[in-house]
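**Student:** Starting off with a structure, shown below.
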Amino acid sequence: MPLGVLLTNRQYRSMPTHGIGRYRHLLPKALPKKKKDKIQAKQIKAPTATEFGVLNVCVSGYDLTLVEHYSQYIHNLCSHLDIKVDECYALPTKSTEVMVMQEQGTKMYLDGVLKTHERVVQISEMKATLFPILAEVLLKNQPEGVQLCIKQHTEADFQARFKTRPELQGLIAKINN
Amino acid sequence: MAGIVCRTVSRIISSQASCSSSVVAVRHSHWFTSMLSLKTSVPLRAEPKKKKKVDPRREMMMKERLKKKLKRLEKVPPELIPIEDFITSAKSFDETRIREAPKLSFEESERRAHLLKEWSRYKRTQHQTEMDVIQEALEAQRQALDELKLESEELYKAAVSPDTDVFPFQHEGPCYTPPITNYEAPEGKFNDITRVYTQ
């Protein structure tokens, strides 16, 4: 121990009450905040002998409440049947303009705007024997006006959720040329 | 006089000869196209010789610059397309329109509470029957698979393996009314007007 410590009146570690005011070690550990949570592409698992890989249960329709409630129902059902749900996200809404031809004349007039909403429930490692039962239950409970689509998850599906980057693609094309 | 004439003639001839020789010399070289354009051809032709040295370096510089730009762009992570469903419209934030909750009488609130209880009971029985049906189906499946296993191992493996031919599986929801026979739909078309986002 350096001499300076013994000479001063400050008593550190020799005192029995050393560290009496410590509380930081009792607080829960706060992880360092990341600036931006990068959404990284998870590795898509391949189907094994008894289980499927990653499946996307896609629910789409014009009526938002029906689509939303049906997707919530599917999520609850899967969690009840111990099926692992990776993600539950929404795809961007598509707006469609309905143009109708006038009865007298050749002009088209705008009838209305239809919005197609889509919700995706991502399931991974589901048993192959459970799939037909699940499909049966989903079909029985499908509401009107809602389309169900079960497909395998691909990288293209994942990339479709992101904004297009024309500058990046242009640069890559230039470098390749 | 005749001698001077002779000398001048000889000079003319020699000059002509020299001219012709220079002309001949010019025509031998491929750099000079014609007599008239003698003066302009040399400096013009010298330019491409200079570019040959700098070209590969310039190309390298351009490529490096492009690669640096690419690195900078790639560092920025891609953004998700915002979903219009989840963005509340500005009208909802208007605080001038407020509706107070209606004041209910005692009987009304009691009736509503009883109704909620009835509804929860109904939904519970519905959920219970659904789960029972699922469990029965699973049990039947398990028994069938056990029997199949005793029969043959290969068929059991084939039955348990996942079926990828069924994807993509699509099904439309039921309709209230069947489609009308011989229905003439009005002419028209659909235009996709979804907003395209670029980063």
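We label chains A, B, ... in the order they appear in the structure tokens, count residues from 1 in each chain, and number ligands from 1 in the order shown.
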Using 6 Å as the limit and counting only C-alpha atoms, can you tabulate each residue of chain A that touches chain B, with its shortest atom-to-atom distance in Å and the two atoms involved, as a tab-separated table?
**Tutor:**
residue	atom	partner	partner_atom	distance
A:Ala49	CA	B:Ser161	CA	5.1
A:Thr50	CA	B:Ser161	CA	4.7
A:Glu51	CA	B:Pro162	CA	6.0
A:Phe52	CA	B:Pro162	CA	5.8
A:Pro92	CA	B:Ile83	CA	4.9
A:Lys94	CA	B:Thr194	CA	5.2
A:Ser95	CA	B:Thr194	CA	5.0
A:Thr96	CA	B:Asp192	CA	4.6
A:Glu97	CA	B:Asn191	CA	4.9
A:Val98	CA	B:Phe190	CA	4.9
A:Met99	CA	B:Gly188	CA	5.3
A:Val100	CA	B:Gly188	CA	4.1
A:Met101	CA	B:Gly188	CA	5.2
A:Ala128	CA	B:Pro162	CA	4.8
A:Gln142	CA	B:Gly173	CA	5.8
A:Pro143	CA	B:Gly173	CA	5.7
A:Glu144	CA	B:Gly173	CA	4.5
A:Gly145	CA	B:Gly173	CA	5.3
A:Val146	CA	B:Gly173	CA	5.1
A:Gln147	CA	B:Glu172	CA	4.5
A:Leu148	CA	B:His171	CA	5.2
A:Cys149	CA	B:Gln170	CA	4.4
A:Ile150	CA	B:Phe169	CA	4.9
A:Lys151	CA	B:Pro168	CA	4.5
A:Arg161	CA	B:Leu80	CA	5.8
A:Phe162	CA	B:Leu80	CA	4.3
A:Lys163	CA	B:Thr198	CA	5.3
A:Thr164	CA	B:Thr198	CA	4.9
A:Arg165	CA	B:Gln199	CA	5.3
**Student:** Per DSSP on the backbone, filter range 1-142 of chain A down to the residues in strand (DSSP E or B) and report them as a ChimeraX atom specification.
**Tutor:** /A:51,54-61,85-101,108-124,127
**Student:** Could you list, as JSON, numbers by chain, every residue within 9 Å of Ser124 in chain A, counting only C-alpha atoms and ignoring same-chain residues fewer than 4 positions away?
**Tutor:** {"A": [45, 51, 52, 53, 54, 55, 56, 83, 84, 85, 86]}
**Student:** Using DSSP secondary structure from the backbone, list all helix (DSSP H, G or I) positions within range 57-145 of chain A, as a PyMOL selection string.
**Tutor:** chain A and resi 64-80+131-140
**Student:** Compare A:Ala160, A:Leu114, A:Ile123, A:Val67 by their minimum atom-to-atom distance to Ser79 in chain A, counting only C-alpha atoms, and give me the closest one.
**Tutor:**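 Once distances to Ser79 in chain A are computed over only C-alpha atoms, the minimum belongs to A:Ile123.
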**Student:** Could you tell me how far CA of Tyr62 in chain A lies from CA of Ser92 in chain B, in Å and to one decimal?
**Tutor:**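 Here the two named atoms are 22.0 Å from each other.
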**Student:** Need the shell around range 125-129 of chain B: protein/DNA/RNA residues with any atom at most 12 Å away, counting only C-alpha atoms. Skip same-chain ones fewer than 4 positions apart. Format as a list in words?
**Tutor:** Tyr73, Asn76, Leu77, His80, Val137 and Asn141 of chain A; Glu118, Trp119, Ser120, Arg121, Val133, Ile134, Gln135 and Glu136 of chain B
**Student:** Would you save the residues of that selection, restricted to N, CA and C atoms, as a PDB file, in the first residue's frame?
**Tutor:**
ATOM      1  N   TYR A  73     -56.292 -14.684 -34.046  1.00  0.00           N
ATOM      2  CA  TYR A  73     -56.817 -16.012 -33.716  1.00  0.00           C
ATOM      3  C   TYR A  73     -55.794 -17.086 -34.055  1.00  0.00           C
ATOM      4  N   ASN A  76     -52.974 -17.052 -31.506  1.00  0.00           N
ATOM      5  CA  ASN A  76     -53.368 -17.668 -30.233  1.00  0.00           C
ATOM      6  C   ASN A  76     -53.451 -19.179 -30.356  1.00  0.00           C
ATOM      7  N   LEU A  77     -54.005 -19.631 -31.478  1.00  0.00           N
ATOM      8  CA  LEU A  77     -54.139 -21.078 -31.697  1.00  0.00           C
ATOM      9  C   LEU A  77     -52.781 -21.757 -31.713  1.00  0.00           C
ATOM     10  N   HIS A  80     -51.261 -21.914 -28.340  1.00  0.00           N
ATOM     11  CA  HIS A  80     -51.950 -22.903 -27.508  1.00  0.00           C
ATOM     12  C   HIS A  80     -51.515 -24.326 -27.854  1.00  0.00           C
ATOM     13  N   VAL A 137     -58.540 -26.780 -39.035  1.00  0.00           N
ATOM     14  CA  VAL A 137     -59.122 -25.824 -38.076  1.00  0.00           C
ATOM     15  C   VAL A 137     -59.141 -24.426 -38.679  1.00  0.00           C
ATOM     16  N   ASN A 141     -62.526 -22.038 -39.586  1.00  0.00           N
ATOM     17  CA  ASN A 141     -62.787 -20.755 -38.937  1.00  0.00           C
ATOM     18  C   ASN A 141     -62.515 -19.553 -39.824  1.00  0.00           C
TER      19      ASN A 141
ATOM     20  N   GLU B 118     -72.496 -14.169 -20.037  1.00  0.00           N
ATOM     21  CA  GLU B 118     -73.062 -15.151 -20.959  1.00  0.00           C
ATOM     22  C   GLU B 118     -72.148 -15.351 -22.164  1.00  0.00           C
ATOM     23  N   TRP B 119     -71.668 -14.220 -22.693  1.00  0.00           N
ATOM     24  CA  TRP B 119     -70.799 -14.267 -23.862  1.00  0.00           C
ATOM     25  C   TRP B 119     -69.505 -15.008 -23.571  1.00  0.00           C
ATOM     26  N   SER B 120     -68.909 -14.750 -22.406  1.00  0.00           N
ATOM     27  CA  SER B 120     -67.652 -15.419 -22.059  1.00  0.00           C
ATOM     28  C   SER B 120     -67.879 -16.911 -21.876  1.00  0.00           C
ATOM     29  N   ARG B 121     -69.070 -17.269 -21.310  1.00  0.00           N
ATOM     30  CA  ARG B 121     -69.391 -18.691 -21.144  1.00  0.00           C
ATOM     31  C   ARG B 121     -69.524 -19.355 -22.512  1.00  0.00           C
ATOM     32  N   VAL B 133     -61.895 -31.402 -30.010  1.00  0.00           N
ATOM     33  CA  VAL B 133     -61.857 -31.986 -31.359  1.00  0.00           C
ATOM     34  C   VAL B 133     -60.417 -32.172 -31.813  1.00  0.00           C
ATOM     35  N   ILE B 134     -59.590 -31.142 -31.534  1.00  0.00           N
ATOM     36  CA  ILE B 134     -58.174 -31.219 -31.955  1.00  0.00           C
ATOM     37  C   ILE B 134     -57.482 -32.370 -31.241  1.00  0.00           C
ATOM     38  N   GLN B 135     -57.738 -32.508 -29.941  1.00  0.00           N
ATOM     39  CA  GLN B 135     -57.079 -33.574 -29.181  1.00  0.00           C
ATOM     40  C   GLN B 135     -57.507 -34.952 -29.654  1.00  0.00           C
ATOM     41  N   GLU B 136     -58.816 -35.074 -29.974  1.00  0.00           N
ATOM     42  CA  GLU B 136     -59.306 -36.360 -30.483  1.00  0.00           C
ATOM     43  C   GLU B 136     -58.619 -36.708 -31.802  1.00  0.00           C
TER      44      GLU B 136
END
